[in-house]
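K.L.:
Have a look at the structure that comes next, please.
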Amino acid sequence: MNPEIGHYALVLSLAVAILMTVIPIWGARAGDAALMKVGTTLALVLAGFVGLSFATLVVAYVQSDFSVLNVVENSHSAKPLLYRITGTWGNHEGSMLLWVLVLAIFAALVALFGNNLPARLKANVLGVQGSVATAFLLFILLTSNPFTRVIPPPAEGQDLNPILQDIGLAIHPPLLYLGYVGFSITFAFAVAALIEGRIDATWARWVRPWALTAWAFLTLGIAMGSYWAYYELGWGGWWFWDPVENASLMPWFAGTALIHSAVVMEKRDALKVWTVLLAILAFSLSLLGTFLVRSGVLTSVHAFATDPSRGVFILAILVFFIGGSLALYALRAPMLRQGGLFAPVSREGALVLNNLLLTAAAAAVLVGTLYPLALEALDGSKITVGPPYFNLTVGALMLPVAFAMPFGPLLAWKRGDLIGASQRLMAAFGAGIVIAALAAYAQGGGPVLAPFGMGLAAFVVIGAVAEVIERAGFGRVPRATAFARLRGLPRAVFGGALAHAGVGVCLFGIIAETSWNAERIAGVKVGGSFEVGGYELTLDRLEPRNGPNYRDLVGVFSVRRGGVEHGTIESAKRLFTARNMPTTESGIRTMGFSQLYVSLGDELPGGGVGVRAYWKPFVTLIWIGSIIMALGGALSLSDRRLRVGAPKPAKKPKVKPDPASPVPAE
């Protein structure tokens, strides 16, 4: 496929995006139904043209078309096919094209599945989405054209960054972008509603599915990125508080708060101003993350671009969309009716507390990320804000969120009974105390607060189960009635409980790994042994191996505990020949939910190699919990009441709930 086709498709995409920005909003202001409907067609055409452009770039990579500069700089004919495909977005230009493709896909989904939306709102949403697409298409065409030609073409490419030659590149960026860019739709809904001056509970019902979709993808994207860094970089850590990692975490906090705030707005017609602000902030923080990665203001293993002109362009985009939306918000917010009142002890109150703590966590991460950059820009001072700051601030804010999580769903709307909710959580309290006692007994020293954290994690998980059990009425009504109620519960109830349980599982893994991990650094010759975490590792052999575009020095370690063989672990030092760049290929052996982790170092002068080994108890629960959270979001999204285009409430279950039941209905 000729690369010029991809370039022309981008130019046509820009023209369509400009029309999509102007015509639907013009039609909405004029009350012209025909013009408003044009937005639907333009959104589909935009997705088609951007998709064609992206497909053209993929073909150029697959065919190793070295007449395209982007392919020359990021590919090699000896590279495996999978990494040639993923290399399409393993660079600045290609990843920005993927960014715009995801944006166009979400616009097309609104066009296809937003038939139940009011015509004016739908037109304004598509118009706002078109304006975002226009800005980023201009950015690509003016500063980051992926189809720039090289004349004459070289015989071979420079290969992709070796760190990116991994299956993680096929999964992590697309998932992350589906989350990052997915919040553009909630942003578009917020701005469209502010333009129209109408925000009500029905608006929240339309926004919540899009927020859930973006949040679920962002959760998976962050988790996949964490695991990728964990096994690929050889550092042995799963989160480094890298500025770009923080940039993905901030919209996650804001998106989580948005989902919960939209629930209050939908059920009680309250928190309107706050919900709209969160919808703006979630995407604004996504734009900030894009700026950090693309601007060159920081150096990171995640950063793609170092060209200041690109940074200035994206900064202008940030100022326009963030500043413009906040200015519109400031103009319209005082005119919005606040909605229903509620007592502090109520489900609304619990969700407000959740929102305040989550946004405070996002603010803490924002300050810790930007303060060093601002200080350097002002007086040239260079400081580092590291894990101690983030662990203390974010940890102190998130622990109360976890503790309050089981209470919220058991409180009634408007005015709740905290004592009654506590009584229904007695089993969860008991389980938490038992787990904390067992952890304190088993740790034999270590951090004093770790057992309390383990107990809190158990409380969150059992509390999520208790919510479902209480809603079904087990223990208060006949078993047959309880099972009938259980079958009749909305999927959103199961989805919310599953997501909350995932938080507890993830918390369990975080506390166990950070509190009781063991590390050993040693120089080992063939036949030599060392111990870590109660396991004995013996270096059986060092052997060279050749790959399609690299050379390996592989260390094979046998694992024993108490004289019993537990298999082998292979770790390698890899040299990519095209770039002459070494990487570390970590060796990981999973045992239950725990892992042995071995990272091979350089060869030693006297023979043998340096080795860094870790024992990481329950570390896999960190990512399993994240997956459970995302599955909870997906299950909630499958609820008919939350699907896009189905704003009407679901039918009531055939079995009527017991009027005497103390558990509030959803």
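Each chain of the structure tokens is named A, B, ... in the order shown, its residues numbered from 1; ligands are numbered from 1 in display order.
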Write out as a PyMOL selection string the residues lying within 8 Å of Leu631 in chain A, counting only C-alpha atoms and excluding same-chain residues fewer than 2 positions away.
P.N.:
chain A and resi 216+495+498-499+627-629+633-635
K.L.:
Excluding Ala229 in chain A and any residue of its chain fewer than 3 positions from it, enumerate the residues within 12 Å of it, using only C-alpha atoms, and give them as a compact mmCIF listing (two decimals) with C-alpha atoms, in the first residue's frame.
P.N.:
```txt
# COMPACT_ATOMS: atom_id res chain seq x y z
CA ILE A 163 12.98 -2.47 25.41
CA LEU A 164 9.90 -2.18 23.19
CA ASP A 166 8.19 -7.34 23.68
CA ILE A 167 4.61 -8.63 23.70
CA GLY A 168 3.85 -5.86 26.19
CA LEU A 169 3.99 -3.32 23.37
CA HIS A 172 -0.12 -2.00 26.96
CA ILE A 222 -1.91 0.59 33.89
CA ALA A 223 -1.75 -2.99 35.18
CA MET A 224 -0.22 -4.26 31.95
CA GLY A 225 2.32 -1.44 31.92
CA SER A 226 3.25 -2.22 35.51
CA GLU A 232 11.34 -6.25 31.18
CA LEU A 233 13.48 -3.63 32.93
CA GLY A 234 15.09 -6.04 35.37
CA TRP A 235 14.75 -3.69 38.35
CA GLY A 236 12.50 -6.04 40.25
CA GLY A 237 9.86 -3.40 41.03
CA TRP A 238 6.28 -3.12 39.79
CA TRP A 239 5.78 0.64 40.31
CA PHE A 240 8.47 3.33 40.30
CA TRP A 241 6.45 6.56 40.61
CA ASP A 242 7.94 7.55 37.27
CA GLU A 245 3.40 6.35 35.30
CA VAL A 301 11.80 5.09 29.70
CA HIS A 302 8.21 5.90 28.67
CA THR A 584 18.08 -7.71 30.64
CA GLU A 585 15.62 -10.55 30.19
CA SER A 586 14.43 -11.42 33.68
```
K.L.:
If you count only C-alpha atoms, which residues fall within 10 Å of Thr369 in chain A, apart from same-chain ones fewer than 6 positions away, as a PyMOL selection string?
P.N.:
chain A and resi 241-247+292+363+384-386+390
K.L.:
Can you tell me, as an MDAnalysis selection string, which residues in range 425-663 of chain A count as strand (DSSP E) by DSSP?
P.N.:
chainID A and resid 518:524 529:532 535:546 550:561 564:576 581:585 587:591 594:603 609:616
K.L.:
Print the selection's residues with C-alpha atoms to a file, as a CSV table (one decimal), in the first residue's frame.
P.N.:
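Once everything was written out, this is again.csv:
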```csv
chain,number,residue,atom,x,y,z
A,518,ALA,CA,13.6,-10.4,50.0
A,519,GLU,CA,16.5,-9.3,47.8
A,520,ARG,CA,20.0,-10.9,47.2
A,521,ILE,CA,22.8,-9.5,45.0
A,522,ALA,CA,25.6,-12.0,44.4
A,523,GLY,CA,28.4,-12.8,42.0
A,524,VAL,CA,28.1,-16.5,41.0
A,529,SER,CA,24.8,-21.3,44.8
A,530,PHE,CA,23.1,-18.5,46.8
A,531,GLU,CA,19.9,-18.2,48.8
A,532,VAL,CA,16.9,-15.8,48.6
A,535,TYR,CA,15.1,-20.9,48.2
A,536,GLU,CA,18.6,-22.1,47.0
A,537,LEU,CA,19.5,-21.1,43.5
A,538,THR,CA,22.4,-22.8,41.7
A,539,LEU,CA,23.9,-21.5,38.4
A,540,ASP,CA,23.9,-24.7,36.3
A,541,ARG,CA,25.3,-23.2,33.1
A,542,LEU,CA,25.9,-20.1,31.0
A,543,GLU,CA,25.1,-20.6,27.3
A,544,PRO,CA,25.0,-18.3,24.3
A,545,ARG,CA,21.9,-18.3,22.1
A,546,ASN,CA,21.0,-16.4,18.9
A,550,TYR,CA,19.8,-10.4,18.9
A,551,ARG,CA,22.3,-12.5,20.8
A,552,ASP,CA,21.7,-13.9,24.3
A,553,LEU,CA,23.9,-15.0,27.2
A,554,VAL,CA,21.5,-17.2,29.2
A,555,GLY,CA,22.0,-18.2,32.8
A,556,VAL,CA,20.1,-21.4,33.8
A,557,PHE,CA,19.5,-21.7,37.5
A,558,SER,CA,18.0,-24.7,39.3
A,559,VAL,CA,15.8,-24.0,42.3
A,560,ARG,CA,15.6,-26.0,45.5
A,561,ARG,CA,14.0,-25.6,48.9
A,564,VAL,CA,13.5,-30.5,47.0
A,565,GLU,CA,13.8,-29.6,43.3
A,566,HIS,CA,11.5,-26.8,42.2
A,567,GLY,CA,12.4,-26.5,38.6
A,568,THR,CA,14.7,-24.0,36.8
A,569,ILE,CA,14.8,-20.3,36.0
A,570,GLU,CA,16.4,-18.8,32.9
A,571,SER,CA,17.6,-15.2,32.8
A,572,ALA,CA,19.6,-13.6,30.0
A,573,LYS,CA,21.6,-10.6,29.0
A,574,ARG,CA,20.5,-9.7,25.5
A,575,LEU,CA,22.4,-7.7,22.9
A,576,PHE,CA,20.4,-6.3,19.9
A,581,MET,CA,22.1,-2.1,22.8
A,582,PRO,CA,21.9,-4.6,25.7
A,583,THR,CA,18.8,-5.4,27.7
A,584,THR,CA,18.1,-7.7,30.6
A,585,GLU,CA,15.6,-10.6,30.2
A,587,GLY,CA,13.8,-15.0,34.7
A,588,ILE,CA,10.5,-15.4,36.7
A,589,ARG,CA,9.1,-18.6,38.3
A,590,THR,CA,5.6,-18.3,39.8
A,591,MET,CA,4.9,-20.4,42.9
A,594,SER,CA,4.3,-15.6,44.7
A,595,GLN,CA,7.3,-15.3,42.4
A,596,LEU,CA,11.1,-15.9,42.3
A,597,TYR,CA,12.7,-13.2,40.2
A,598,VAL,CA,16.2,-13.4,38.8
A,599,SER,CA,18.0,-10.7,36.8
A,600,LEU,CA,21.3,-11.5,35.2
A,601,GLY,CA,24.1,-8.9,35.3
A,602,ASP,CA,27.4,-8.5,33.5
A,603,GLU,CA,30.1,-11.1,33.3
A,609,VAL,CA,28.2,-13.3,36.4
A,610,GLY,CA,26.5,-10.8,38.7
A,611,VAL,CA,23.0,-11.8,39.7
A,612,ARG,CA,20.2,-9.9,41.4
A,613,ALA,CA,17.4,-12.2,42.8
A,614,TYR,CA,14.2,-11.5,44.6
A,615,TRP,CA,11.5,-13.4,46.5
A,616,LYS,CA,8.2,-11.6,46.0
```
K.L.:
Just to confirm, what's the straight-line distance from CA of Arg640 in chain A to CA of Phe483 in chain A in Å (one decimal)?
P.N.:
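Distance between the two atoms: 21.0 Å.
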K.L.:
For a quick check of understanding, using only C-alpha atoms, which of A:Leu42, A:Leu52, A:Met398, A:Leu318 has the smallest distance to Asn2 in chain A?
P.N.:
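The answer is A:Leu52, which sits nearest to Asn2 in chain A.
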K.L.:
So that I can see what lies close to Ser95 in chain A, please list as an NGL selection string the residues with an atom at most 12 Å from it, counting only C-alpha atoms and leaving out residues fewer than 3 positions away in the same chain.
P.N.:
:A and (54 or 57-58 or 70 or 86-92 or 98-102 or 136 or 140 or 144-146 or 169-170 or 172-174 or 176-177 or 290 or 293-294 or 302-305)
K.L.:
Print the selection's residues with C-alpha atoms to a file, as an mmCIF file, in the first residue's frame.
P.N.:
```
data_model
loop_
_atom_site.group_PDB
_atom_site.id
_atom_site.type_symbol
_atom_site.label_atom_id
_atom_site.label_comp_id
_atom_site.auth_asym_id
_atom_site.auth_seq_id
_atom_site.Cartn_x
_atom_site.Cartn_y
_atom_site.Cartn_z
ATOM 1 C CA PHE A 54 -3.217 3.749 10.305
ATOM 2 C CA LEU A 57 1.414 2.669 8.236
ATOM 3 C CA VAL A 58 1.003 -0.913 9.521
ATOM 4 C CA ASN A 70 9.407 6.375 10.449
ATOM 5 C CA THR A 86 3.629 -3.361 17.175
ATOM 6 C CA GLY A 87 6.493 -1.118 16.107
ATOM 7 C CA THR A 88 3.827 0.915 14.301
ATOM 8 C CA TRP A 89 2.940 2.543 17.609
ATOM 9 C CA GLY A 90 6.307 2.009 19.339
ATOM 10 C CA ASN A 91 7.397 5.520 18.349
ATOM 11 C CA HIS A 92 6.144 9.079 18.654
ATOM 12 C CA LEU A 98 -3.028 5.428 17.236
ATOM 13 C CA TRP A 99 -4.144 8.125 19.724
ATOM 14 C CA VAL A 100 -6.233 9.838 17.041
ATOM 15 C CA LEU A 101 -7.558 6.495 15.767
ATOM 16 C CA VAL A 102 -8.915 5.666 19.219
ATOM 17 C CA PHE A 136 -4.351 16.441 17.166
ATOM 18 C CA ILE A 140 0.455 15.132 13.480
ATOM 19 C CA SER A 144 4.808 14.462 13.469
ATOM 20 C CA ASN A 145 3.991 13.173 10.006
ATOM 21 C CA PRO A 146 4.496 9.363 10.088
ATOM 22 C CA LEU A 169 3.991 -3.319 23.372
ATOM 23 C CA ALA A 170 1.162 -5.174 21.640
ATOM 24 C CA HIS A 172 -0.120 -2.000 26.961
ATOM 25 C CA PRO A 173 -0.322 1.103 24.665
ATOM 26 C CA PRO A 174 -3.632 0.178 22.969
ATOM 27 C CA LEU A 176 -3.849 2.632 27.857
ATOM 28 C CA TYR A 177 -5.017 4.758 24.931
ATOM 29 C CA THR A 290 0.184 13.196 26.645
ATOM 30 C CA VAL A 293 5.308 11.991 27.185
ATOM 31 C CA ARG A 294 5.547 14.071 24.004
ATOM 32 C CA HIS A 302 8.213 5.903 28.672
ATOM 33 C CA ALA A 303 8.927 9.204 26.895
ATOM 34 C CA PHE A 304 8.861 9.183 23.083
ATOM 35 C CA ALA A 305 9.628 12.697 21.904
#
```
K.L.:
Distance CA of Ile469 in chain A-CA of Pro490 in chain A, one decimal place?
P.N.:
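Taking CA of Ile469 in chain A and CA of Pro490 in chain A, their separation equals 13.6 Å.
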K.L.:
Enumerate as a PDB file with C-alpha atoms, in the first residue's frame all residues of range 296-426 of chain A assigned to alpha helix (DSSP H) by DSSP on the backbone, naming them with the chain letters and numbers the document uses.
P.N.:
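Dumped to selection.pdb:
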```pdb
ATOM      1  CA  PRO A 308      10.589  21.171  22.087  1.00  0.00           C
ATOM      2  CA  SER A 309       8.493  22.419  19.154  1.00  0.00           C
ATOM      3  CA  ARG A 310       6.171  19.454  19.606  1.00  0.00           C
ATOM      4  CA  GLY A 311       5.932  20.235  23.292  1.00  0.00           C
ATOM      5  CA  VAL A 312       4.926  23.841  22.581  1.00  0.00           C
ATOM      6  CA  PHE A 313       2.234  22.656  20.160  1.00  0.00           C
ATOM      7  CA  ILE A 314       0.772  20.204  22.683  1.00  0.00           C
ATOM      8  CA  LEU A 315       1.004  22.847  25.404  1.00  0.00           C
ATOM      9  CA  ALA A 316      -1.114  25.104  23.200  1.00  0.00           C
ATOM     10  CA  ILE A 317      -3.651  22.258  22.844  1.00  0.00           C
ATOM     11  CA  LEU A 318      -3.692  21.875  26.628  1.00  0.00           C
ATOM     12  CA  GLY A 324     -11.526  26.771  27.482  1.00  0.00           C
ATOM     13  CA  SER A 325     -13.540  24.058  29.176  1.00  0.00           C
ATOM     14  CA  LEU A 326     -12.799  25.405  32.664  1.00  0.00           C
ATOM     15  CA  ALA A 327     -13.753  28.925  31.540  1.00  0.00           C
ATOM     16  CA  LEU A 328     -17.047  27.594  30.176  1.00  0.00           C
ATOM     17  CA  TYR A 329     -17.527  25.673  33.408  1.00  0.00           C
ATOM     18  CA  ALA A 330     -16.942  28.811  35.484  1.00  0.00           C
ATOM     19  CA  LEU A 331     -19.485  30.668  33.338  1.00  0.00           C
ATOM     20  CA  ARG A 332     -22.204  28.004  33.471  1.00  0.00           C
ATOM     21  CA  ARG A 347     -24.778   6.521  50.507  1.00  0.00           C
ATOM     22  CA  GLU A 348     -24.356   9.924  48.881  1.00  0.00           C
ATOM     23  CA  GLY A 349     -22.160  10.991  51.795  1.00  0.00           C
ATOM     24  CA  ALA A 350     -19.973   7.889  51.421  1.00  0.00           C
ATOM     25  CA  LEU A 351     -19.570   8.554  47.714  1.00  0.00           C
ATOM     26  CA  VAL A 352     -18.711  12.201  48.355  1.00  0.00           C
ATOM     27  CA  LEU A 353     -16.041  11.101  50.854  1.00  0.00           C
ATOM     28  CA  ASN A 354     -14.725   8.679  48.236  1.00  0.00           C
ATOM     29  CA  ASN A 355     -14.589  11.489  45.680  1.00  0.00           C
ATOM     30  CA  LEU A 356     -12.784  13.904  47.972  1.00  0.00           C
ATOM     31  CA  LEU A 357     -10.108  11.374  48.894  1.00  0.00           C
ATOM     32  CA  LEU A 358      -9.589  10.246  45.291  1.00  0.00           C
ATOM     33  CA  THR A 359      -9.256  13.783  43.965  1.00  0.00           C
ATOM     34  CA  ALA A 360      -6.910  14.636  46.838  1.00  0.00           C
ATOM     35  CA  ALA A 361      -4.782  11.618  45.839  1.00  0.00           C
ATOM     36  CA  ALA A 362      -4.752  12.818  42.226  1.00  0.00           C
ATOM     37  CA  ALA A 363      -3.727  16.297  43.433  1.00  0.00           C
ATOM     38  CA  ALA A 364      -0.916  14.835  45.568  1.00  0.00           C
ATOM     39  CA  VAL A 365       0.424  12.902  42.589  1.00  0.00           C
ATOM     40  CA  LEU A 366       0.106  15.994  40.390  1.00  0.00           C
ATOM     41  CA  VAL A 367       2.093  18.148  42.827  1.00  0.00           C
ATOM     42  CA  GLY A 368       4.800  15.518  43.282  1.00  0.00           C
ATOM     43  CA  THR A 369       5.115  15.067  39.513  1.00  0.00           C
ATOM     44  CA  LEU A 370       5.127  18.705  38.408  1.00  0.00           C
ATOM     45  CA  TYR A 371       6.936  20.372  41.317  1.00  0.00           C
ATOM     46  CA  PRO A 372      10.450  19.241  40.247  1.00  0.00           C
ATOM     47  CA  LEU A 373       9.733  20.346  36.669  1.00  0.00           C
ATOM     48  CA  ALA A 374       8.423  23.738  37.805  1.00  0.00           C
ATOM     49  CA  LEU A 375      11.358  24.277  40.159  1.00  0.00           C
ATOM     50  CA  GLU A 376      13.870  23.464  37.428  1.00  0.00           C
ATOM     51  CA  ALA A 377      12.124  25.829  35.022  1.00  0.00           C
ATOM     52  CA  LEU A 378      12.152  28.662  37.572  1.00  0.00           C
ATOM     53  CA  ASP A 379      15.688  28.579  38.983  1.00  0.00           C
ATOM     54  CA  PRO A 387       8.595   6.987  46.536  1.00  0.00           C
ATOM     55  CA  PRO A 388       8.703   8.193  50.183  1.00  0.00           C
ATOM     56  CA  TYR A 389       6.573  11.225  49.307  1.00  0.00           C
ATOM     57  CA  PHE A 390       4.116   9.335  47.098  1.00  0.00           C
ATOM     58  CA  ASN A 391       3.827   6.336  49.407  1.00  0.00           C
ATOM     59  CA  LEU A 392       3.089   8.559  52.376  1.00  0.00           C
ATOM     60  CA  THR A 393       0.631  10.954  50.747  1.00  0.00           C
ATOM     61  CA  VAL A 394      -1.220   8.626  48.392  1.00  0.00           C
ATOM     62  CA  GLY A 395      -1.142   5.745  50.878  1.00  0.00           C
ATOM     63  CA  ALA A 396      -2.553   7.917  53.662  1.00  0.00           C
ATOM     64  CA  LEU A 397      -5.413   8.988  51.393  1.00  0.00           C
ATOM     65  CA  MET A 398      -6.216   5.607  49.880  1.00  0.00           C
ATOM     66  CA  LEU A 399      -6.370   3.583  53.113  1.00  0.00           C
ATOM     67  CA  PRO A 400      -9.489   5.470  54.316  1.00  0.00           C
ATOM     68  CA  VAL A 401     -11.017   4.915  50.864  1.00  0.00           C
ATOM     69  CA  ALA A 402     -10.467   1.171  51.240  1.00  0.00           C
ATOM     70  CA  PHE A 403     -11.897   1.141  54.776  1.00  0.00           C
ATOM     71  CA  ALA A 404     -15.034   3.082  53.782  1.00  0.00           C
ATOM     72  CA  LEU A 418     -24.039   3.548  60.098  1.00  0.00           C
ATOM     73  CA  ILE A 419     -24.570   1.220  63.059  1.00  0.00           C
ATOM     74  CA  GLY A 420     -26.814  -1.053  61.005  1.00  0.00           C
ATOM     75  CA  ALA A 421     -24.251  -1.168  58.176  1.00  0.00           C
ATOM     76  CA  SER A 422     -21.531  -2.003  60.703  1.00  0.00           C
ATOM     77  CA  GLN A 423     -23.594  -4.861  62.070  1.00  0.00           C
ATOM     78  CA  ARG A 424     -24.035  -6.318  58.593  1.00  0.00           C
ATOM     79  CA  MET A 426     -19.421  -8.047  61.336  1.00  0.00           C
TER      80      MET A 426
END
```
K.L.:
Between CA of Ala343 in chain A and CA of Lys414 in chain A, what is the distance in Å, rounded to a tenth?
P.N.:
5.8 Å
K.L.:
Between A:Thr256, A:Gln443, A:Thr148, A:Thr21, which one has atoms that come closest to Thr275 in chain A, using only C-alpha atoms?
P.N.:
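Closest residue, counting only C-alpha atoms: A:Thr256.
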K.L.:
Env of range 118-130 of chain A: 7 Å cut, atoms = only C-alpha atoms, seq-sep filter 3 positions within chain, self excluded. Answer as a short mmCIF file (atom, residue, chain, number, x, y, z; two decimals) with N, CA and C atoms, in the first residue's frame.
P.N.:
```cif
data_model
loop_
_atom_site.label_atom_id
_atom_site.label_comp_id
_atom_site.auth_asym_id
_atom_site.auth_seq_id
_atom_site.Cartn_x
_atom_site.Cartn_y
_atom_site.Cartn_z
N ALA A 17 -12.71 16.37 10.17
CA ALA A 17 -12.77 16.76 11.58
C ALA A 17 -13.19 18.23 11.73
N ILE A 18 -12.71 19.08 10.83
CA ILE A 18 -13.10 20.50 10.88
C ILE A 18 -14.60 20.64 10.62
N MET A 20 -16.82 18.35 11.12
CA MET A 20 -17.49 17.72 12.25
C MET A 20 -17.52 18.66 13.46
N THR A 21 -16.54 19.54 13.55
CA THR A 21 -16.52 20.51 14.64
C THR A 21 -17.56 21.60 14.43
N VAL A 22 -17.73 22.02 13.19
CA VAL A 22 -18.55 23.20 12.90
C VAL A 22 -20.02 22.86 12.66
N PRO A 24 -22.29 20.17 13.17
CA PRO A 24 -23.28 19.73 14.18
C PRO A 24 -23.58 20.80 15.23
N ILE A 25 -22.54 21.53 15.70
CA ILE A 25 -22.78 22.56 16.71
C ILE A 25 -23.58 23.71 16.12
N ALA A 28 -27.07 22.55 16.00
CA ALA A 28 -27.69 22.54 17.33
C ALA A 28 -28.11 23.95 17.74
N MET A 36 -27.67 18.72 12.28
CA MET A 36 -27.24 17.94 13.44
C MET A 36 -26.97 16.49 13.06
N GLY A 39 -23.45 15.28 11.68
CA GLY A 39 -22.39 14.90 12.59
C GLY A 39 -22.20 13.40 12.69
N ALA A 107 -15.71 8.44 18.76
CA ALA A 107 -16.69 9.32 18.13
C ALA A 107 -17.66 8.50 17.28
N ALA A 133 -10.19 16.10 17.75
CA ALA A 133 -9.56 15.41 16.61
C ALA A 133 -8.86 16.41 15.70
N THR A 134 -9.46 17.55 15.46
CA THR A 134 -8.84 18.58 14.61
C THR A 134 -7.50 19.01 15.17
N ALA A 188 -16.39 15.45 26.27
CA ALA A 188 -17.29 16.01 25.25
C ALA A 188 -18.72 16.13 25.78
N PHE A 189 -19.16 15.14 26.55
CA PHE A 189 -20.50 15.22 27.15
C PHE A 189 -20.58 16.41 28.11
N ALA A 192 -20.50 19.66 26.06
CA ALA A 192 -21.75 19.77 25.31
C ALA A 192 -22.90 20.17 26.23
N ALA A 193 -22.95 19.59 27.41
CA ALA A 193 -24.01 19.95 28.36
C ALA A 193 -23.87 21.38 28.84
#
```
K.L.:
Show which residues sit within 9 Å of Ala282 in chain A, as a PyMOL selection string. Count only C-alpha atoms, and ignore same-chain residues fewer than 5 positions away.
P.N.:
chain A and resi 180+183-184+186-187+250-255+258+277+287
K.L.:
In terms of the shortest atom-to-atom distance over only C-alpha atoms, which of A:Leu489, A:Ala457, A:Leu278, A:Leu175 is closest to Ala439 in chain A?
P.N.:
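The closest residue to Ala439 in chain A is A:Ala457.
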K.L.:
Identify which of the residues A:His76, A:His260, A:Lys382, A:Arg84 lies closest to Val62 in chain A, counting only C-alpha atoms when measuring atom-to-atom distances.
P.N.:
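Smallest distance to Val62 in chain A is found for A:Arg84.
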